[in-house]
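File shown: upload.csv (CSV, C-alpha atoms).
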```csv
chain,number,residue,atom,x,y,z
T,95,MET,CA,82.3,92.2,123.9
T,96,SER,CA,79.7,92.9,121.2
T,97,LYS,CA,80.6,93.0,117.6
T,98,GLY,CA,79.1,96.5,117.2
T,99,PHE,CA,81.4,97.9,119.9
T,100,ILE,CA,84.5,96.4,118.3
T,101,SER,CA,83.5,97.7,114.9
T,102,GLY,CA,83.0,101.2,116.4
T,103,THR,CA,86.4,100.9,118.1
T,104,VAL,CA,88.0,100.0,114.8
T,105,LEU,CA,86.4,103.1,113.2
T,106,LEU,CA,87.6,105.2,116.2
T,107,ILE,CA,91.2,104.0,115.9
T,108,LEU,CA,91.1,104.6,112.1
T,109,GLY,CA,89.8,108.1,112.7
T,110,LEU,CA,92.6,108.8,115.2
T,111,VAL,CA,95.3,107.5,112.9
T,112,CYS,CA,94.0,109.6,110.1
T,113,GLY,CA,93.8,112.7,112.4
T,114,LEU,CA,97.4,112.1,113.4
T,115,LEU,CA,98.5,111.8,109.8
T,116,LEU,CA,96.7,115.0,108.9
T,117,ALA,CA,98.1,116.9,111.9
T,118,THR,CA,101.6,115.8,110.8
T,119,ILE,CA,101.1,117.0,107.2
T,120,ASN,CA,99.4,120.2,108.4
T,121,SER,CA,102.6,121.0,110.4
T,122,PHE,CA,104.5,121.1,107.1
T,123,THR,CA,101.9,122.8,105.0
T,124,ALA,CA,100.5,125.4,107.4
T,125,PRO,CA,103.6,127.7,107.5
T,126,LYS,CA,103.8,127.5,103.7
T,127,ILE,CA,100.1,128.3,103.4
T,128,LEU,CA,100.6,131.4,105.6
T,129,GLU,CA,103.6,132.5,103.7
T,130,THR,CA,101.7,132.1,100.4
T,131,GLU,CA,98.7,134.0,101.7
T,132,ASN,CA,100.9,136.8,103.0
T,133,LYS,CA,102.7,137.0,99.6
T,134,VAL,CA,99.3,137.2,97.8
T,135,LYS,CA,98.3,140.0,100.2
T,136,TYR,CA,101.5,142.0,99.8
T,137,ASP,CA,101.5,141.5,96.0
T,138,ALA,CA,97.9,142.9,96.0
T,139,ILE,CA,98.9,145.9,98.2
T,140,ALA,CA,101.7,146.5,95.8
T,141,GLU,CA,99.1,146.8,93.0
T,142,PHE,CA,97.5,149.7,94.9
T,143,TYR,CA,100.6,151.6,96.0
T,144,ASN,CA,104.4,151.8,95.3
T,145,LEU,CA,105.6,150.1,98.4
T,146,ALA,CA,109.1,151.7,98.1
T,147,ASN,CA,107.5,155.0,99.3
T,148,TYR,CA,105.9,153.6,102.4
T,149,THR,CA,106.5,151.7,105.6
T,150,ILE,CA,103.8,149.2,106.4
T,151,GLU,CA,102.6,148.5,109.9
T,152,GLU,CA,100.3,145.5,110.4
T,153,VAL,CA,97.6,145.7,113.0
T,154,LYS,CA,95.4,142.7,113.9
T,155,VAL,CA,91.7,143.3,114.7
T,156,GLU,CA,89.5,141.1,116.8
T,157,ASN,CA,85.8,140.5,116.9
T,158,SER,CA,85.2,142.0,113.5
T,159,ILE,CA,85.0,140.8,109.9
T,160,VAL,CA,87.9,143.2,109.4
T,161,ASP,CA,90.9,141.0,110.4
T,162,THR,CA,94.0,143.1,109.7
T,163,LEU,CA,94.9,146.7,108.9
T,164,TYR,CA,98.0,147.6,106.9
T,165,LEU,CA,98.9,151.2,107.8
T,166,LEU,CA,100.9,152.8,105.0
T,167,THR,CA,103.1,155.6,106.3
T,168,ASN,CA,104.7,157.9,103.7
T,169,THR,CA,108.5,157.7,104.3
T,170,THR,CA,109.0,161.3,103.1
T,171,THR,CA,106.3,163.1,105.0
T,172,ASN,CA,106.0,160.6,107.8
T,173,SER,CA,102.2,160.8,107.6
T,174,LEU,CA,99.6,158.0,107.5
T,175,ASP,CA,98.6,158.2,103.8
T,176,SER,CA,96.5,155.1,103.4
T,177,ILE,CA,95.1,152.1,105.1
T,178,VAL,CA,94.6,148.7,103.4
T,179,TYR,CA,92.0,146.6,105.1
T,180,SER,CA,92.0,142.8,105.0
T,181,VAL,CA,88.3,141.7,105.4
T,182,LYS,CA,86.6,138.3,105.4
T,183,GLN,CA,82.9,137.6,105.1
T,184,TYR,CA,81.0,134.4,104.3
T,185,GLY,CA,79.4,134.3,100.8
T,186,TYR,CA,77.3,131.6,99.3
T,187,GLN,CA,79.6,128.6,100.1
T,188,SER,CA,82.9,130.0,101.2
T,189,ASP,CA,84.7,132.9,102.9
T,190,ILE,CA,85.4,135.7,100.6
T,191,LYS,CA,88.7,137.4,101.6
T,192,MET,CA,89.4,140.8,100.1
T,193,LEU,CA,91.6,143.8,100.5
T,194,ILE,CA,90.2,147.3,100.4
T,195,ALA,CA,92.6,150.3,100.1
T,196,ILE,CA,91.4,153.6,101.5
T,197,ASN,CA,93.2,156.9,100.9
T,198,GLY,CA,93.6,159.6,103.6
T,199,ASP,CA,90.9,161.7,101.9
T,200,TYR,CA,88.4,158.9,102.7
T,201,THR,CA,88.1,157.7,99.1
T,202,VAL,CA,88.4,154.1,97.9
T,203,HIS,CA,91.8,153.7,96.2
T,204,GLY,CA,91.2,150.1,95.1
T,205,TYR,CA,90.0,146.7,96.1
T,206,LYS,CA,90.7,143.1,95.3
T,207,VAL,CA,89.2,139.7,96.2
T,208,VAL,CA,92.2,137.6,97.1
T,209,GLU,CA,90.6,134.3,98.1
T,210,GLN,CA,87.2,132.7,97.5
T,211,ALA,CA,85.8,129.3,96.7
T,212,GLU,CA,82.4,130.5,95.4
T,213,THR,CA,80.4,128.8,92.6
T,214,PRO,CA,82.4,128.9,89.3
T,215,GLY,CA,80.8,131.2,86.8
T,216,TYR,CA,78.7,133.0,89.5
T,217,GLY,CA,80.2,134.0,92.8
T,218,SER,CA,83.7,133.3,91.5
T,219,LYS,CA,83.2,136.4,89.3
T,220,SER,CA,84.0,138.5,92.4
T,221,VAL,CA,87.7,138.1,91.5
T,222,GLY,CA,88.5,141.1,89.4
T,223,PHE,CA,84.9,142.3,89.3
T,224,ASP,CA,84.2,146.1,89.1
T,225,PHE,CA,81.9,146.8,92.1
T,226,GLY,CA,81.8,150.4,91.0
T,227,LEU,CA,83.4,151.8,94.2
T,228,GLU,CA,86.9,152.7,93.0
T,229,GLY,CA,87.5,156.4,93.5
T,230,GLU,CA,84.2,156.8,95.4
T,231,SER,CA,83.9,158.4,98.8
T,232,ILE,CA,83.2,156.2,101.8
T,233,ASP,CA,79.8,157.9,102.1
T,234,ASN,CA,78.7,156.6,98.8
T,235,ILE,CA,78.0,152.9,99.3
T,236,ASP,CA,75.0,153.3,96.9
T,237,ALA,CA,77.5,153.2,94.1
T,238,PHE,CA,78.0,149.5,94.8
T,239,ASP,CA,77.3,147.3,91.8
T,240,ALA,CA,76.3,143.7,92.5
T,241,ILE,CA,77.2,140.6,90.4
T,242,ALA,CA,74.2,139.4,88.5
T,243,GLY,CA,73.1,135.9,89.7
T,244,ALA,CA,75.4,135.9,92.7
T,245,THR,CA,73.4,137.7,95.4
T,246,TYR,CA,75.0,136.0,98.4
T,247,SER,CA,78.5,136.6,97.2
T,248,SER,CA,77.7,140.2,96.3
T,249,ASN,CA,76.1,140.8,99.7
T,250,ALA,CA,79.3,139.4,101.4
T,251,VAL,CA,81.4,141.8,99.4
T,252,LYS,CA,79.1,144.7,100.2
T,253,ASP,CA,79.3,143.8,104.0
T,254,CYS,CA,83.1,144.0,103.7
T,255,PHE,CA,82.9,147.5,102.2
T,256,GLU,CA,80.4,148.6,104.9
T,257,ALA,CA,82.5,147.2,107.7
T,258,VAL,CA,85.5,149.1,106.4
T,259,PHE,CA,83.6,152.4,105.7
T,260,ASP,CA,82.2,152.3,109.3
T,261,ARG,CA,85.6,152.4,110.8
T,262,VAL,CA,87.8,154.4,108.4
T,263,ALA,CA,87.5,157.8,110.1
T,264,SER,CA,88.5,156.4,113.5
T,265,ASP,CA,91.4,154.4,112.0
T,266,PHE,CA,92.8,157.5,110.5
T,267,GLY,CA,92.6,159.2,113.8
T,268,GLY,CA,89.5,161.4,113.2
T,269,GLY,CA,86.1,161.1,114.7
T,270,ASN,CA,83.0,159.5,113.2
Z,64,MET,CA,90.7,89.5,83.7
Z,65,ASN,CA,94.4,90.4,83.3
Z,66,GLN,CA,95.9,93.6,84.5
Z,67,LYS,CA,95.9,95.2,81.0
Z,68,GLU,CA,92.2,94.6,80.6
Z,69,ASN,CA,91.7,95.7,84.2
Z,70,PHE,CA,93.4,99.0,83.4
Z,71,PHE,CA,91.9,99.7,80.0
Z,72,LYS,CA,88.3,99.0,81.1
Z,73,GLY,CA,88.4,102.3,83.1
Z,74,ILE,CA,89.4,104.2,80.0
Z,75,LEU,CA,87.0,102.8,77.4
Z,76,LYS,CA,84.4,100.1,78.4
Z,77,GLU,CA,83.6,101.4,81.9
Z,78,ASN,CA,84.7,105.1,81.5
Z,79,PRO,CA,83.3,106.7,84.7
Z,80,LEU,CA,82.2,109.8,82.9
Z,81,PHE,CA,81.1,108.8,79.4
Z,82,VAL,CA,79.8,105.3,80.2
Z,83,SER,CA,78.8,105.3,83.9
Z,84,VAL,CA,78.0,109.0,83.9
Z,85,LEU,CA,79.3,109.4,87.5
Z,86,GLY,CA,80.9,112.4,89.1
Z,87,MET,CA,79.2,114.9,86.7
Z,88,CYS,CA,78.9,117.9,89.0
Z,89,PRO,CA,82.7,118.7,89.5
Z,90,SER,CA,83.5,117.5,86.0
Z,91,LEU,CA,81.3,120.0,84.3
Z,92,ALA,CA,82.1,122.8,86.8
Z,93,VAL,CA,85.9,122.7,86.6
Z,94,THR,CA,86.4,122.1,82.8
Z,95,THR,CA,86.5,125.7,81.9
Z,96,THR,CA,90.2,125.5,81.3
Z,97,LEU,CA,92.5,122.6,80.4
Z,98,GLU,CA,94.7,123.5,83.4
Z,99,ASN,CA,91.8,123.0,85.8
Z,100,ALA,CA,91.0,119.7,84.2
Z,101,ILE,CA,94.6,118.5,84.5
Z,102,GLY,CA,94.7,119.6,88.2
Z,103,MET,CA,91.4,117.9,89.0
Z,104,SER,CA,92.5,114.7,87.2
Z,105,VAL,CA,95.8,114.6,89.2
Z,106,ALA,CA,93.9,115.1,92.5
Z,107,VAL,CA,91.3,112.4,91.6
Z,108,PHE,CA,94.1,110.0,90.5
Z,109,PHE,CA,95.9,110.4,93.8
Z,110,VAL,CA,92.8,109.9,95.9
Z,111,LEU,CA,91.3,107.1,93.8
Z,112,VAL,CA,94.5,105.0,93.6
Z,113,LEU,CA,95.3,105.3,97.3
Z,114,SER,CA,91.7,104.9,98.5
Z,115,ASN,CA,91.4,101.7,96.4
Z,116,PHE,CA,94.7,100.4,97.8
Z,117,LEU,CA,93.9,101.2,101.4
Z,118,VAL,CA,90.3,99.8,101.2
Z,119,SER,CA,91.5,96.6,99.5
Z,120,LEU,CA,94.3,96.2,102.1
Z,121,LEU,CA,91.9,96.7,104.9
Z,122,MET,CA,89.4,94.2,103.5
Z,123,SER,CA,92.1,91.6,102.5
Z,124,SER,CA,92.4,90.4,106.1
Z,125,LYS,CA,89.3,88.2,106.7
Z,126,LYS,CA,89.2,89.0,110.4
Z,127,LEU,CA,89.5,92.7,109.9
Z,128,ALA,CA,87.0,92.7,107.1
Z,129,GLU,CA,84.5,91.0,109.4
Z,130,LEU,CA,84.9,93.8,111.9
Z,131,VAL,CA,84.8,96.6,109.4
Z,132,LYS,CA,81.8,95.3,107.4
Z,133,PRO,CA,79.0,96.8,109.5
Z,134,VAL,CA,80.8,100.2,109.5
Z,135,ARG,CA,82.4,99.9,106.0
Z,136,ILE,CA,80.9,103.1,104.5
Z,137,PRO,CA,82.0,105.4,107.3
Z,138,VAL,CA,85.4,103.7,107.1
Z,139,TYR,CA,85.7,104.4,103.4
Z,140,ILE,CA,84.6,108.0,104.0
Z,141,VAL,CA,87.2,108.5,106.7
Z,142,ILE,CA,89.9,107.1,104.3
Z,143,ILE,CA,88.8,109.1,101.3
Z,144,ALA,CA,88.3,112.3,103.4
Z,145,THR,CA,91.8,112.0,104.8
Z,146,LEU,CA,93.3,111.7,101.3
Z,147,VAL,CA,91.2,114.6,100.0
Z,148,THR,CA,92.3,116.8,102.9
Z,149,ILE,CA,95.9,116.0,102.2
Z,150,VAL,CA,95.3,117.0,98.5
Z,151,GLU,CA,93.7,120.2,99.7
Z,152,MET,CA,96.4,121.1,102.1
Z,153,VAL,CA,99.2,120.4,99.5
Z,154,THR,CA,97.5,122.3,96.7
Z,155,HIS,CA,96.8,125.2,99.1
Z,156,ALA,CA,100.5,125.3,100.1
Z,157,PHE,CA,102.2,124.6,96.8
Z,158,VAL,CA,99.9,125.2,93.8
Z,159,TYR,CA,97.9,128.2,95.1
Z,160,ASN,CA,96.5,129.3,91.8
Z,161,LEU,CA,95.1,125.9,91.1
Z,162,TYR,CA,93.7,125.7,94.6
Z,163,VAL,CA,91.9,129.0,94.0
Z,164,SER,CA,90.5,128.0,90.6
Z,165,LEU,CA,89.3,124.5,91.7
Z,166,GLY,CA,87.8,126.1,94.8
Z,167,VAL,CA,85.1,124.0,96.6
Z,168,PHE,CA,85.5,121.1,94.1
Z,169,ILE,CA,88.6,119.8,95.8
Z,170,PRO,CA,86.9,119.1,99.1
Z,171,LEU,CA,83.9,117.8,97.1
Z,172,ILE,CA,86.1,114.9,95.8
Z,173,VAL,CA,85.1,113.2,99.1
Z,174,VAL,CA,81.6,112.7,97.9
Z,175,ASN,CA,82.5,111.9,94.3
Z,176,CYS,CA,80.5,108.8,93.4
Z,177,ILE,CA,83.4,107.3,91.4
Z,178,ILE,CA,85.7,107.0,94.4
Z,179,LEU,CA,83.2,105.6,96.8
Z,180,GLY,CA,81.7,103.5,94.0
Z,181,ARG,CA,85.1,101.8,93.2
Z,182,ALA,CA,85.9,101.3,96.9
Z,183,GLU,CA,82.6,99.5,97.4
Z,184,ALA,CA,82.2,97.7,94.1
Z,185,PHE,CA,85.8,96.7,93.3
Z,186,ALA,CA,88.5,97.4,95.9
Z,187,SER,CA,86.6,95.8,98.8
Z,188,ASN,CA,86.6,92.4,97.1
Z,189,HIS,CA,89.8,92.3,95.1
Z,190,LYS,CA,93.5,92.1,95.8
Z,191,PRO,CA,95.4,95.4,96.5
Z,192,ILE,CA,97.3,95.2,93.2
Z,193,ASP,CA,94.1,94.7,91.2
Z,194,ALA,CA,92.5,97.6,93.1
Z,195,VAL,CA,95.5,99.9,92.4
Z,196,VAL,CA,95.4,99.0,88.7
Z,197,ASP,CA,91.6,99.5,88.6
Z,198,GLY,CA,92.0,102.9,90.4
Z,199,MET,CA,94.7,104.0,87.9
Z,200,GLY,CA,92.5,103.0,84.9
Z,201,MET,CA,89.4,104.7,86.3
Z,202,ALA,CA,91.3,107.8,87.2
Z,203,ALA,CA,93.0,107.9,83.7
Z,204,GLY,CA,89.6,107.4,82.0
Z,205,TYR,CA,88.1,110.2,84.2
Z,206,GLY,CA,91.1,112.5,83.5
Z,207,LEU,CA,90.9,111.9,79.7
Z,208,ALA,CA,87.2,112.7,79.7
Z,209,LEU,CA,87.9,115.9,81.6
Z,210,VAL,CA,90.7,116.9,79.2
Z,211,LEU,CA,88.4,116.2,76.2
Z,212,ILE,CA,85.6,118.3,77.6
Z,213,SER,CA,87.9,121.2,78.7
Z,214,LEU,CA,89.7,121.2,75.3
Z,215,VAL,CA,86.3,121.8,73.6
Z,216,ARG,CA,85.0,124.3,76.1
Z,217,GLU,CA,88.1,126.4,76.5
Z,218,SER,CA,89.0,126.6,72.8
Z,219,LEU,CA,85.5,127.5,71.7
Z,220,GLY,CA,84.6,129.6,74.8
Z,221,SER,CA,87.8,131.6,75.5
Z,222,GLY,CA,89.9,131.1,72.3
Z,223,THR,CA,92.8,129.7,74.3
Z,224,ILE,CA,94.1,126.4,75.6
Z,225,THR,CA,95.8,126.8,79.0
Z,226,ILE,CA,98.1,123.9,79.5
Z,227,TRP,CA,99.7,125.1,82.8
Z,228,GLY,CA,100.2,128.6,84.3
Z,229,SER,CA,101.4,130.9,81.5
Z,230,LEU,CA,101.9,128.0,79.1
Z,231,GLN,CA,99.0,128.8,76.8
Z,232,ILE,CA,98.1,128.3,73.2
Z,233,ASN,CA,96.3,131.3,71.7
Z,234,LEU,CA,93.7,130.4,69.2
Z,235,MET,CA,92.5,134.0,68.6
Z,236,PRO,CA,94.3,134.2,65.1
Z,237,VAL,CA,92.1,131.3,64.0
Z,238,PHE,CA,88.9,133.1,65.3
Z,239,ASP,CA,90.1,136.3,63.6
Z,240,TYR,CA,90.7,134.5,60.3
Z,241,LEU,CA,87.2,133.1,60.5
Z,242,ARG,CA,85.9,136.5,61.5
Z,243,ILE,CA,84.1,135.2,64.5
Z,244,GLN,CA,84.4,135.6,68.3
Z,245,PRO,CA,84.8,132.9,70.9
Z,246,LEU,CA,81.4,131.8,72.2
Z,247,ASP,CA,81.4,132.8,75.9
Z,248,MET,CA,78.5,130.3,76.3
Z,249,PHE,CA,80.9,127.4,76.4
Z,250,THR,CA,82.5,128.7,79.6
Z,251,LYS,CA,79.1,128.7,81.3
Z,252,PRO,CA,77.2,125.7,82.7
Z,253,VAL,CA,74.9,125.5,79.6
Z,254,GLY,CA,78.0,125.1,77.5
Z,255,ALA,CA,79.3,122.4,79.8
Z,256,PHE,CA,76.1,120.4,79.4
Z,257,MET,CA,76.0,120.9,75.6
Z,258,THR,CA,79.7,119.9,75.2
Z,259,PHE,CA,79.1,116.8,77.4
Z,260,GLY,CA,76.0,115.9,75.5
Z,261,PHE,CA,77.6,116.2,72.1
Z,262,LEU,CA,80.7,114.2,73.1
Z,263,LEU,CA,78.5,111.5,74.7
Z,264,ALA,CA,76.5,111.3,71.5
Z,265,ILE,CA,79.6,111.0,69.3
Z,266,ILE,CA,81.1,108.3,71.6
Z,267,LEU,CA,77.9,106.4,71.6
Z,268,ALA,CA,77.5,106.6,67.8
Z,269,PHE,CA,81.0,105.2,67.4
Z,270,GLY,CA,80.3,102.5,70.0
Z,271,ASN,CA,77.0,101.5,68.4
Z,272,LYS,CA,78.6,101.3,65.0
Z,273,ARG,CA,81.4,99.1,66.3
Z,274,GLN,CA,78.9,96.9,68.1
Z,275,ALA,CA,76.8,96.5,65.0
Z,276,LYS,CA,79.9,95.6,63.0
Z,277,LEU,CA,80.9,93.0,65.6
Z,278,GLU,CA,77.4,91.5,65.6
Z,279,LYS,CA,77.3,91.4,61.8
Z,280,GLY,CA,80.7,89.6,61.8
Z,281,SER,CA,79.6,87.0,64.3
Z,282,ALA,CA,76.3,86.4,62.5
Z,283,LYS,CA,78.3,85.5,59.3
```
Do you think you could lay out the structure here as structure tokens?
Amino acid sequence: MSKGFISGTVLLILGLVCGLLLATINSFTAPKILETENKVKYDAIAEFYNLANYTIEEVKVENSIVDTLYLLTNTTTNSLDSIVYSVKQYGYQSDIKMLIAINGDYTVHGYKVVEQAETPGYGSKSVGFDFGLEGESIDNIDAFDAIAGATYSSNAVKDCFEAVFDRVASDFGGGN
Amino acid sequence: MNQKENFFKGILKENPLFVSVLGMCPSLAVTTTLENAIGMSVAVFFVLVLSNFLVSLLMSSKKLAELVKPVRIPVYIVIIATLVTIVEMVTHAFVYNLYVSLGVFIPLIVVNCIILGRAEAFASNHKPIDAVVDGMGMAAGYGLALVLISLVRESLGSGTITIWGSLQINLMPVFDYLRIQPLDMFTKPVGAFMTFGFLLAIILAFGNKRQAKLEKGSAK
């Protein structure tokens, strides 16, 4: 057997061992990661609304950058008051995950970037950045303010808003 | 070289950041707060010590070393990438805030020159115990350099020193007393380069002075 083949086999075996080790560790960390991400999301939703007044229904969405809808039904009036969208779009070097809260009158109640790994000092500014859309109607995407020096990250955030604005009316049960 | 010298060479004589000037990109990017610097140092310590140990163990068997030699760089990368992925998964699961603030620089540890450099230059031709001590020394030297840079940048740039989470020293009363504002520039890349340059100059000045003294002494 040639030496090259044996060396390649050694590399393959090492890769398999490492893959197995990572799969084992992933089985411990994956549930914890999911739990942490959900906690971050619910904490962020709690910043928008007093969750004691609402029941939350989670709806998964496929084939869209919008991955989950959180439907907030008022416990007193039993009406759908707000929808919080979980949206994900690729920025400069990572996925930017954000929550966008829309009121029943089709205005933006609030938004928050909950996860990103963009360039520190540039795209990372998207966390807590004022994109100028709070309180604005969903027709007014022109009010969007980009982050200076972070075009890719800003465009990703703008895509998130546009994807949400396009579907708000139908999600609330009205027509486009 | 005894183990003490082996360990301390990584901190002073062969400091990866201030002497070899390796692994600059993540070092300058993450040192905006002391907390980030400590987190990065711990991650690099874990990866460097274990990768040195595993590479040394693999290469200590003559027969295995012969087989691995033609594909040694991919082998090192597989080992290092596995260790970095473990660090990434664990920080994502248990230290979420640190995971968010270190961002892309955790996975980038894979291509950090210090780790691959020590694997090739030291661990592959030394005993596992020597490789572990070397890894500990190098990681400690790297960590100390990060801490030093972050202390300067955070204190001058933000007026705080964030040790961990909410454990923070507020330096704003000092700035208020001096009637100045923190210089935001130090939290930016330009501040990182300036801080690194000044610290390097100071360290070199002390080193040169010490060298001159030693030479003067030996000439006498």
- Message: I'd like the contact shell of Z:Leu97 - 10 Å cut-off, all atoms listed in the file, skipping same-chain residues fewer than 3 positions apart - returned as an NGL selection string.
- Response: :Z and (93-94 or 100-103 or 209-218 or 223-227 or 231)
- Message: Need the shell around T:Asp236: protein/DNA/RNA residues with any atom at most 12 Å away, counting all atoms listed in the file. Skip same-chain ones fewer than 2 positions apart. Format as a PyMOL selection string?
- Response: chain T and resi 225-227+230-234+238-240+252+255-256
- Between atom CA of Z:Gly204 and atom CA of Z:Leu246, what is the distance, to one decimal in Å?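 Taking atom CA of Z:Gly204 as the start and atom CA of Z:Leu246 as the end point, the length is 27.5 Å.
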- Task: Could you tell me how far atom CA of Z:Ser83 lies from atom CA of Z:Asn99, in Å and to one decimal?
- Result: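 Between these atoms lies a distance of 22.0 Å.
By chain and then residue number, the residues within 8 Å of stretch 116-132 of chain T are Cys112 and Tyr136 of chain T; Thr145, Thr148, Ile149, Met152, Val153, His155, Ala156, Phe157 and Tyr159 of chain Z, counting only C-alpha atoms and disregarding those fewer than 4 positions away in sequence.
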- Message: Need the shell around T:Val153: protein/DNA/RNA residues with any atom at most 9 Å away, counting only C-alpha atoms. Skip same-chain ones fewer than 4 positions apart. Format as a VMD selection string?
- Response: chain T and resid 161 to 165
Give me the residues of chain Z that have any atom at most 9 Å from an atom of chain T; for each, the nearest atom pair and the distance in Å, rounded to one decimal. Use all atoms listed in the file, sort by chain and number, and format it as CSV.
```
residue,atom,partner,partner_atom,distance
Z:Ala92,CA,T:Pro214,CA,6.6
Z:Val93,CA,T:Pro214,CA,7.6
Z:Leu127,CA,T:Val104,CA,8.9
Z:Glu129,CA,T:Ser101,CA,8.7
Z:Leu130,CA,T:Ser101,CA,5.1
Z:Val131,CA,T:Ser101,CA,5.8
Z:Lys132,CA,T:Ser101,CA,8.1
Z:Pro133,CA,T:Ser101,CA,7.1
Z:Val134,CA,T:Ser101,CA,6.5
Z:Arg135,CA,T:Leu105,CA,8.8
Z:Pro137,CA,T:Leu105,CA,7.7
Z:Val138,CA,T:Leu105,CA,6.2
Z:Val141,CA,T:Gly109,CA,6.6
Z:Ile142,CA,T:Cys112,CA,7.5
Z:Thr145,CA,T:Cys112,CA,6.2
Z:Leu146,CA,T:Leu116,CA,9.0
Z:Thr148,CA,T:Leu116,CA,7.7
Z:Ile149,CA,T:Leu116,CA,6.8
Z:Met152,CA,T:Thr123,CA,6.4
Z:Val153,CA,T:Thr123,CA,6.6
Z:His155,CA,T:Ile127,CA,6.2
Z:Ala156,CA,T:Ile127,CA,4.5
Z:Phe157,CA,T:Lys126,CA,7.7
Z:Tyr159,CA,T:Thr130,CA,7.6
Z:Tyr162,CA,T:Ala211,CA,8.9
Z:Val163,CA,T:Ala211,CA,6.7
Z:Ser164,CA,T:Ala211,CA,7.8
Z:Leu165,CA,T:Ala211,CA,7.8
Z:Gly166,CA,T:Ala211,CA,4.2
Z:Val167,CA,T:Ala211,CA,5.3
Z:Phe168,CA,T:Ala211,CA,8.6
Z:Thr250,CA,T:Gly215,CA,7.8
Z:Lys251,CA,T:Gly215,CA,6.3
Z:Pro252,CA,T:Gly215,CA,7.7
```
- Task: Could you give me, as an MDAnalysis selection string, the residues within 10 Å of T:Val181, counting all atoms listed in the file and dropping anything in the same chain fewer than 6 positions from it?
- Result: chainID T and resid 158:163 189:194 207 251 253:255 257:258
- Length of the atom CA of Z:Gly270 to atom CA of Z:Lys67 vector [Å]: 20.4 Å
Taking only residues of stretch 166-263 of chain Z that have an atom at most 9 Å from an atom of stretch 71-76 of chain Z, what is each one's shortest atom pair and its distance in Å to one decimal, using all atoms listed in the file, in chain and number order, as JSON lines?
```
{"residue": "Z:Asp197", "atom": "CA", "partner": "Z:Gly73", "partner_atom": "CA", "distance": 7.0}
{"residue": "Z:Gly198", "atom": "CA", "partner": "Z:Gly73", "partner_atom": "CA", "distance": 8.2}
{"residue": "Z:Met199", "atom": "CA", "partner": "Z:Gly73", "partner_atom": "CA", "distance": 8.1}
{"residue": "Z:Gly200", "atom": "CA", "partner": "Z:Gly73", "partner_atom": "CA", "distance": 4.5}
{"residue": "Z:Met201", "atom": "CA", "partner": "Z:Gly73", "partner_atom": "CA", "distance": 4.1}
{"residue": "Z:Ala202", "atom": "CA", "partner": "Z:Gly73", "partner_atom": "CA", "distance": 7.4}
{"residue": "Z:Ala203", "atom": "CA", "partner": "Z:Ile74", "partner_atom": "CA", "distance": 6.4}
{"residue": "Z:Gly204", "atom": "CA", "partner": "Z:Ile74", "partner_atom": "CA", "distance": 3.8}
{"residue": "Z:Tyr205", "atom": "CA", "partner": "Z:Ile74", "partner_atom": "CA", "distance": 7.4}
{"residue": "Z:Leu207", "atom": "CA", "partner": "Z:Ile74", "partner_atom": "CA", "distance": 7.9}
{"residue": "Z:Ala208", "atom": "CA", "partner": "Z:Ile74", "partner_atom": "CA", "distance": 8.8}
```
